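Below is one structure, written out as structure tokens; the observations come after it.
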Amino acid sequence: MQQDEQTADIVVVGGGMVGLSCAIALKDRGQDVVLCDPGEARARTSYGNAGVVSRGSIFPMASPALWGKLPAYLRNADPGLRLRHLHLLRVMPWAVHFLASARTSAWRRAADALAPLTNAAYPEHRRLADRAGVPHLLRECGWVKLYRTDTAFAGAALEREILTQHGVPFEILDGPAVQALEPALIRPFARAMLLPETGAVGDPGGLVEAAERLFAGLGGRSLRTTVSRLEPRSEGWRVVHPGGTVRARQVVLATGAAAHELSRPLGYRFAFAAERGYHRHYALHPDSPVLTRPIYDTGAASILSPMGEGRVRVLSGVEVADRHAEPDDRQIEAAAREAAGTVRLGPPLDNRPWLGSRPSTPDGLPVIGPAPRHPGLIFAFGHGHIGLSTGPITGQLVADLATGRMPAVPVAPFAPGRLLGWPW
């Protein structure tokens with residue numbers, strides 16, 4: 001069969017929010033861009049996001065509080081983390097360095113690095129939604145972290161201290177004020193923290209699809225395909241896919257949790273794991289007030305996020321397992337039971353829960369920057385829980401790097417080399 005060969009200035013591999021944002025920003029800089037992605041909307045991690053775009057999303061999962069919870073985590077007795085014990089050996093090197101990052105000093109350094117990125121997240125999202133013709137999908141409504149007890153609230157004092165240090169505004173509410181803010185709540189909460197400078201995406205999958213249409217409207221080319229391998233050439237890169245090849249001067253690798261499948265054959269063995277997460281949509285009870293903003297119930301380690309038309313997306317905590325492992329619905333089922341005690345839920349609207357894999361680095365920082373040993377290859381993955389949120393600003397940074405400009409946000413803390421050289 002005849003193999004197709006195309007040429008481009010740059011190929012972006014990966015069509016989630018990060019990859020699409022890179023492709024759009026590069027088109028804006030006058031580049032001829034080919035985007036490679038299978039095009040399966042539900043398979044993208046961006047599709048399943050909580051839709052929270054917040055200045056306050058500056059904290060990695062490896063927090064100092066992890067040590068007190070570790071015994072419960074290991075027994076799968078805490079809703080925030082579920083371990084597939086048979087898969088632990090595969091992620092053990094990542095886990096060792098993840099635990100080493102669970103220190104106050106490392107948490108503070110990560111917040112220092114992430115704050116400039118998250119500060120720029122909402123303005124770039126606003127610009128993207130407006131350009132894509134879907135301004136209604138993004139609302140600046142704030143989001144709320146809920147604490148069931150005063151003890152739990154006191155345990156988050158370090159988080160509030162760091163938020164204050166970085167100028168992230170928040171308001172502390174007592175029990176009656178929490179109920180007044182969100183009348184849909186039926187569970188009593190002792191305290192809450194409202195982060196007002198937060199946007200909510202009412203349909204993450206719809207926003208990604210609108211970004212695809214924007215890219216096409218700018219003259220971008222999309223190949224609905226997986227990429228088999230990346231081959232460096234003297235004149236640039238040869239991107240190989242089942243239907244042929246694309247030759248380009250540069251490549252952006254933005255495939256999230258699957259990034260190692262293309263980076264490892266080039267000799268890059270990153271400290272990397274997949275944090276799997278589940279969600280399921282529920283109708284609100286007809287007699288319930290609407291939920292006006294995303295809420296994080298810290299006692300259940302789960303998020304409830306309104307998704308329009310009376311739908312609520314219930315999102316589970318993290319499951320650490322092989323990316324290709326069969327689903328285990330116990331964590332999302334537990335989250336749904338807790339959610340039904342927090343707001344009045346109606347029946348599920350999905351036949352079964354959705355499952356996706358977030359790319360996780362031990363220090364909680366994304367990988368954004370040039371490949372150390374291969375000119376013309378730029379990495380843009382590892383965003384963990386904030387890939388949707390920081391996708392548009394990441395696209396601007398990658399476009400800066402690809403066109404020789406000074407990035408608008410410092411990218412040195414995200415350099416790929418920091419995660420290389422470990423025994424994987």
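In the structure tokens, the first chain shown is A, the next is B, and so on; residue numbers restart at 1 for each chain, and ligands run from 1 in the order shown.
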
Got a sec: who's within 7 Å of Gly236 of chain A, counting only C-alpha atoms, leaving out chain neighbours fewer than 4 positions off, as a tab-separated table (two decimals) with C-alpha atoms, in the first residue's frame?
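After the write, around04.tsv holds the following:
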```tsv
chain	number	residue	atom	x	y	z
A	232	PRO	CA	15.85	12.13	14.39
A	248	ALA	CA	9.44	18.38	10.15
A	249	ARG	CA	12.11	20.61	11.61
A	250	GLN	CA	10.70	20.26	15.12
A	376	GLY	CA	14.27	20.21	17.66
```

Between segment 300-329 of chain A and segment 36-50 of chain A, at 9 Å or less, what are the per-residue closest atom pairs and their distances in Å? Count only C-alpha atoms, order by chain and rising residue number, and return it as CSV.
```
residue,atom,partner,partner_atom,distance
A:Ile303,CA,A:Ala50,CA,7.2
A:Leu304,CA,A:Ala50,CA,7.8
A:Ser305,CA,A:Ala50,CA,6.1
A:Pro306,CA,A:Ala50,CA,8.9
A:Arg313,CA,A:Ala50,CA,7.5
A:Val314,CA,A:Ala50,CA,8.5
A:Leu315,CA,A:Ala50,CA,7.1
```

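With distances restricted to only C-alpha atoms, A:Ser288 is the closest residue to Leu345 of chain A from A:Ser360, A:Ser389, A:Gln396, A:Ser288.
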
### Task
Tell me, as a list in words, which residues lie within 9 Å of Ala129 of chain A, counting only C-alpha atoms; anything in the same chain fewer than 4 positions away does not count.
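Residues near the query, excluding close chain neighbours: Glu124, His125, Gly133, Val134, Pro135, His136, Leu137, Leu138, Leu207, Ala210 and Ala211 of chain A.
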
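Here atom CA of Lys27 of chain A and atom CA of Glu140 of chain A stand 27.6 Å from one another.
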
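Considering the residues A:Ala408, A:Ala258, A:Ala65, A:Ala115 and counting only C-alpha atoms, Ala380 of chain A has its shortest atom-to-atom contact with A:Ala258.
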